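Okay, so here's the structure we're looking at.
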There are 2 protein chains.
Amino acid sequence: MKSYFKAPKVSGAVIKRLPMYYRFLFSLYNNHVERISSRELSHMMGITSSQLRQDLSHFGEFGQQGYGYRVDELLKIISDILGITNHYTGVIIGAGNIGRAILTYPGFIQRGFMVMGIFDNDPKKIGQTARDLYIKPMDELPQFLQEEHIDIGIIVTPAKSAQIAADVLVENGVKGIWNFAPTDLKIADNVIVENMYLGDSLLELFYKIKERSESE
Amino acid sequence: MKSYFKAPKVSGAVIKRLPMYYRFLFSLYNNHVERISSRELSHMMGITSSQLRQDLSHFGEFGQQGYGYRVDELLKIISDILGITNHYTGVIIGAGNIGRAILTYPGFIQRGFMVMGIFDNDPKKIGQTARDLYIKPMDELPQFLQEEHIDIGIIVTPAKSAQIAADVLVENGVKGIWNFAPTDLKIADNVIVENMYLGDSLLELFYKIKERSESE
DNA sequence: TAGATTGTTAATCGATTAACAATC
DNA sequence: TAGATTGTTAATCGATTAACAATC
């Protein structure tokens, strides 16, 4: 079995499928499935078995001819590849509804992610609790980021405050930003930005609905 | 100018970029920019001008040699292509934090989308208000969907209730489902499903952070 | 062992980019 | 008009799929 700890050069298309592999393997594991073939797994996911095997081959050899893959083993490997086992930490910037919703998102624990703080600059919100955290004022953010060695900043502010928040996050050493604000952030390219543009997703749905109704 | 009302056969890669074109054009329009060339616009978006022109050419001819594109015209066209001008309606299933957050998402109005109702089956939530709506019980959902001719159901329930909600939505005529629950829905394929898997997006961010730190 | 299934190579398919004639 | 920029064709690049020898 080759090591999967070296950084291989992997295309964006493959990277986008890794979380899906994780999701399906996690579910199989929870259902006490011991082994699975590329044929079965790919069929569940709606892709070809060639693609599944090709994707995995970027990281190593994890299966066995004539047998398939051990679910627990492959889940562990995909988790390592994704960095789940690094136990990243984060803070949430913005204590509105989305901020609070994200704070309690159950998928985080499963993925080894821990939100350590939530910040806002609305005096009415500061000092309130959300989950088990006090909402802190923005001017305490820099110190908090450094002392707690926060990896990821989650931006759920209105669009106009997002860039300011991003700048503070980057200046104080976060490695990545998960951005829910509907705006393009300007960020030094040693920091990774992942955008969650709700509007874009909704418009894609619109387009497909329209396309479908036109083809009838 | 060719018509863009015929349903052309357009690849998923192109469809995914359409909302981005909308976003940038909307911003230019708000900043009172009158015209833009494919070179300038593509540069802003971080793609090639070839790709931009190639993408638009699937739908018609909207530019002018030696001039470029009129921003207002192109914005209108992209809006029509995406179906924004259809003024779709929706309901939210699940009145937790995410449900309430989505209800007040400012991007909806801009995109011609109107949330007409919000439903939950928690007796404590039913009857409360969210935005200007009373939270309704799930057993009123079928009638509501039919009477109001709802186009889109937004699922923000826990994973275990999502499939039940989806079934009710489909039985009562929605054309699309926007799913925030971390589960794969089984849906008749005349209904479009768009999944917002927060967990997948976060894991993609993890991967890129890990990859970046390994390449140093 | 025989059957099953992997990992990989080669072939195919599709998407992106380059280049340029057409033309405003 | 001359310069700029489109829409489109052709070339390139990359991703997906098919096929199969290797082997458990």
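Following the order of the structure tokens, first chain is A, next is B, and so on, with residues numbered from 1 inside each chain and ligands from 1 in the order they appear.
By chain and then residue number, the residues within 7 Å of segment 102-117 of chain B are A:Gly199, B:Ile84, B:Thr85, B:His87, B:Tyr88, B:Thr89, B:Gly90, B:Val91, B:Ile92, B:Arg131, B:Leu133, counting only C-alpha atoms (C1' of nucleotides) and disregarding those fewer than 5 positions away in sequence.
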Deliver the residues from the most recent selection as a file, using N, CA, C and O atoms, as a short mmCIF file (atom, residue, chain, number, x, y, z; two decimals), in the first residue's frame.
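The result, stored in part.cif:
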data_model
loop_
_atom_site.label_atom_id
_atom_site.label_comp_id
_atom_site.auth_asym_id
_atom_site.auth_seq_id
_atom_site.Cartn_x
_atom_site.Cartn_y
_atom_site.Cartn_z
N GLY A 199 -27.15 32.20 -3.47
CA GLY A 199 -27.84 32.73 -4.65
C GLY A 199 -27.48 31.97 -5.91
O GLY A 199 -28.35 31.69 -6.75
N ILE B 84 -34.97 34.01 -13.88
CA ILE B 84 -35.26 34.96 -12.80
C ILE B 84 -36.57 35.69 -13.08
O ILE B 84 -37.37 35.91 -12.17
N THR B 85 -36.80 35.98 -14.33
CA THR B 85 -38.00 36.72 -14.71
C THR B 85 -39.27 35.87 -14.62
O THR B 85 -40.36 36.38 -14.83
N HIS B 87 -40.23 34.64 -11.86
CA HIS B 87 -40.74 34.89 -10.50
C HIS B 87 -41.23 33.62 -9.83
O HIS B 87 -42.42 33.44 -9.57
N TYR B 88 -40.30 32.74 -9.55
CA TYR B 88 -40.65 31.49 -8.88
C TYR B 88 -41.04 31.74 -7.42
O TYR B 88 -40.61 32.72 -6.81
N THR B 89 -41.87 30.84 -6.92
CA THR B 89 -42.30 30.90 -5.51
C THR B 89 -41.80 29.68 -4.76
O THR B 89 -41.55 28.63 -5.36
N GLY B 90 -41.70 29.81 -3.44
CA GLY B 90 -41.21 28.69 -2.65
C GLY B 90 -41.80 28.62 -1.26
O GLY B 90 -42.46 29.56 -0.80
N VAL B 91 -41.61 27.47 -0.64
CA VAL B 91 -41.92 27.33 0.79
C VAL B 91 -40.68 26.77 1.47
O VAL B 91 -39.88 26.08 0.85
N ILE B 92 -40.58 27.06 2.75
CA ILE B 92 -39.48 26.53 3.56
C ILE B 92 -40.03 25.46 4.49
O ILE B 92 -41.02 25.69 5.18
N ARG B 131 -40.20 36.44 9.85
CA ARG B 131 -40.41 37.53 8.88
C ARG B 131 -41.87 37.96 9.06
O ARG B 131 -42.28 38.24 10.18
N LEU B 133 -44.46 35.94 8.29
CA LEU B 133 -45.26 34.73 8.10
C LEU B 133 -45.51 34.00 9.42
O LEU B 133 -44.63 33.94 10.28
#
Select residues of chain C: the criterion is any atom within 12 Å of an atom of chain A, counting only C-alpha atoms (C1' of nucleotides); output as a CSV table (one decimal) with C-alpha atoms (C1' of nucleotides), in the first residue's frame.
chain,number,residue,atom,x,y,z
C,2,DA,C1',-12.1,-20.4,-10.3
C,3,DG,C1',-14.4,-16.2,-9.9
C,4,DA,C1',-14.2,-11.6,-8.8
C,5,DT,C1',-12.4,-7.3,-8.7
C,6,DT,C1',-8.6,-4.3,-8.5
C,7,DG,C1',-5.2,-0.6,-10.5
C,8,DT,C1',-3.7,1.1,-14.7
C,9,DT,C1',-3.2,1.8,-19.6
Exercise for the section: Go through A:Asp80, A:Glu148, A:Glu171, A:Asp139 one by one, measure the shortest atom-to-atom distance of each to chain B using only C-alpha atoms, and give the residue with the smallest value. Expected result: A:Asp80
Completion exercise
Of A:Asp167, A:Asp151, A:Glu140, A:Asp132, the one nearest to chain B when counting only C-alpha atoms is A:Asp151
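Of the listed residues A:Ala101, A:Leu169, A:Met44, A:Ala159, the one whose atoms come nearest to chain B is A:Ala101, with distances taken using only C-alpha atoms.
DSSP secondary structure from the backbone places Tyr69, Arg70, Thr89, Gly90, Val91, Ile92, Ile93, Met114, Val115, Met116, Gly117, Ile118, Phe119, Asp120, Thr129, Ala130, Leu133, Tyr134, Ile135, Lys136, Pro137, Ile152, Gly153, Ile154 and Ile155 of chain B of segment 43-155 of chain B in strand (DSSP E).
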Grab the residues selected above and save them as an mmCIF file, in the first residue's frame with N, CA and C atoms.
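Below is the file that was written, out.cif:
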data_model
loop_
_atom_site.group_PDB
_atom_site.id
_atom_site.type_symbol
_atom_site.label_atom_id
_atom_site.label_comp_id
_atom_site.auth_asym_id
_atom_site.auth_seq_id
_atom_site.Cartn_x
_atom_site.Cartn_y
_atom_site.Cartn_z
ATOM 1 N N TYR B 69 -20.293 44.556 -24.938
ATOM 2 C CA TYR B 69 -21.676 44.272 -24.546
ATOM 3 C C TYR B 69 -22.237 45.443 -23.759
ATOM 4 N N ARG B 70 -23.499 45.721 -23.964
ATOM 5 C CA ARG B 70 -24.195 46.666 -23.086
ATOM 6 C C ARG B 70 -24.522 45.926 -21.793
ATOM 7 N N THR B 89 -41.873 30.836 -6.916
ATOM 8 C CA THR B 89 -42.297 30.904 -5.515
ATOM 9 C C THR B 89 -41.801 29.676 -4.761
ATOM 10 N N GLY B 90 -41.695 29.808 -3.439
ATOM 11 C CA GLY B 90 -41.211 28.687 -2.647
ATOM 12 C C GLY B 90 -41.802 28.621 -1.259
ATOM 13 N N VAL B 91 -41.614 27.472 -0.640
ATOM 14 C CA VAL B 91 -41.921 27.329 0.787
ATOM 15 C C VAL B 91 -40.680 26.766 1.473
ATOM 16 N N ILE B 92 -40.576 27.060 2.754
ATOM 17 C CA ILE B 92 -39.478 26.526 3.557
ATOM 18 C C ILE B 92 -40.031 25.462 4.488
ATOM 19 N N ILE B 93 -39.410 24.300 4.482
ATOM 20 C CA ILE B 93 -39.823 23.232 5.392
ATOM 21 C C ILE B 93 -38.772 23.132 6.496
ATOM 22 N N MET B 114 -39.830 34.431 -4.226
ATOM 23 C CA MET B 114 -40.660 34.807 -3.098
ATOM 24 C C MET B 114 -40.993 33.576 -2.260
ATOM 25 N N VAL B 115 -40.608 33.624 -0.996
ATOM 26 C CA VAL B 115 -40.981 32.547 -0.072
ATOM 27 C C VAL B 115 -42.364 32.869 0.488
ATOM 28 N N MET B 116 -43.312 31.970 0.223
ATOM 29 C CA MET B 116 -44.715 32.233 0.554
ATOM 30 C C MET B 116 -45.146 31.611 1.876
ATOM 31 N N GLY B 117 -44.380 30.634 2.364
ATOM 32 C CA GLY B 117 -44.798 29.971 3.591
ATOM 33 C C GLY B 117 -43.643 29.258 4.246
ATOM 34 N N ILE B 118 -43.776 29.037 5.552
ATOM 35 C CA ILE B 118 -42.757 28.290 6.291
ATOM 36 C C ILE B 118 -43.477 27.305 7.217
ATOM 37 N N PHE B 119 -43.016 26.062 7.197
ATOM 38 C CA PHE B 119 -43.722 24.971 7.870
ATOM 39 C C PHE B 119 -42.791 24.228 8.831
ATOM 40 N N ASP B 120 -43.405 23.688 9.884
ATOM 41 C CA ASP B 120 -42.636 22.907 10.849
ATOM 42 C C ASP B 120 -43.628 21.970 11.537
ATOM 43 N N THR B 129 -44.163 33.759 14.583
ATOM 44 C CA THR B 129 -43.936 34.428 13.317
ATOM 45 C C THR B 129 -42.454 34.388 12.944
ATOM 46 N N ALA B 130 -42.230 34.385 11.643
ATOM 47 C CA ALA B 130 -40.876 34.491 11.116
ATOM 48 C C ALA B 130 -41.011 35.393 9.897
ATOM 49 N N LEU B 133 -44.463 35.942 8.293
ATOM 50 C CA LEU B 133 -45.265 34.734 8.101
ATOM 51 C C LEU B 133 -45.506 33.998 9.417
ATOM 52 N N TYR B 134 -46.699 33.438 9.551
ATOM 53 C CA TYR B 134 -46.938 32.502 10.641
ATOM 54 C C TYR B 134 -46.348 31.154 10.264
ATOM 55 N N ILE B 135 -45.686 30.517 11.202
ATOM 56 C CA ILE B 135 -45.186 29.166 10.967
ATOM 57 C C ILE B 135 -46.368 28.209 11.021
ATOM 58 N N LYS B 136 -46.532 27.444 9.931
ATOM 59 C CA LYS B 136 -47.704 26.578 9.805
ATOM 60 C C LYS B 136 -47.341 25.134 10.091
ATOM 61 N N PRO B 137 -48.348 24.340 10.496
ATOM 62 C CA PRO B 137 -48.091 22.911 10.734
ATOM 63 C C PRO B 137 -47.983 22.150 9.407
ATOM 64 N N ILE B 152 -41.083 25.730 -5.756
ATOM 65 C CA ILE B 152 -39.858 25.202 -5.154
ATOM 66 C C ILE B 152 -40.040 24.952 -3.660
ATOM 67 N N GLY B 153 -39.618 23.785 -3.212
ATOM 68 C CA GLY B 153 -39.606 23.484 -1.780
ATOM 69 C C GLY B 153 -38.183 23.536 -1.259
ATOM 70 N N ILE B 154 -37.995 24.245 -0.157
ATOM 71 C CA ILE B 154 -36.664 24.363 0.440
ATOM 72 C C ILE B 154 -36.647 23.510 1.704
ATOM 73 N N ILE B 155 -35.828 22.494 1.709
ATOM 74 C CA ILE B 155 -35.800 21.563 2.837
ATOM 75 C C ILE B 155 -34.655 21.908 3.774
#
Practice task
Pick out the closest residue to chain A from this set: B:Gly46, B:Gly83, B:Gly12, B:Gly127. Count only C-alpha atoms.
Solution key: B:Gly83
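Atom CA of Phe180 of chain B is positioned 17.7 Å from atom CA of Lys208 of chain A.
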Practice task
Find the residues in chain B near chain A: any atom within 7 Å counts, using only C-alpha atoms. Write them as a list of chain:residue names.
Solution key: B:Ala7, B:Ile15, B:Lys16, B:Pro19, B:Met20, B:Leu82, B:Gly83, B:Asn97, B:Ile98, B:Arg100, B:Ala101, B:Gly107, B:Lys175, B:Gly176, B:Ile192, B:Glu194, B:Gly199, B:Asp200, B:Leu203, B:Glu204, B:Leu205, B:Phe206, B:Tyr207, B:Lys208, B:Ile209, B:Lys210, B:Glu211, B:Glu214, B:Ser215
Practice task
Mind checking which residues fall within 8 Å of segment 12-18 of chain C, counting only C-alpha atoms (C1' of nucleotides), ignoring those fewer than 3 positions away in the same chain, and posting them as a PyMOL selection string?
Solution key: (chain B and resi 48+50-51) or (chain D and resi 11-13+16-17)
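Separating atom CA of Lys186 of chain A from atom CA of Ala166 of chain A is a distance of 8.3 Å.
Picture a line from atom CA of Ala13 of chain B to atom CA of Ile47 of chain A; it runs 16.9 Å.
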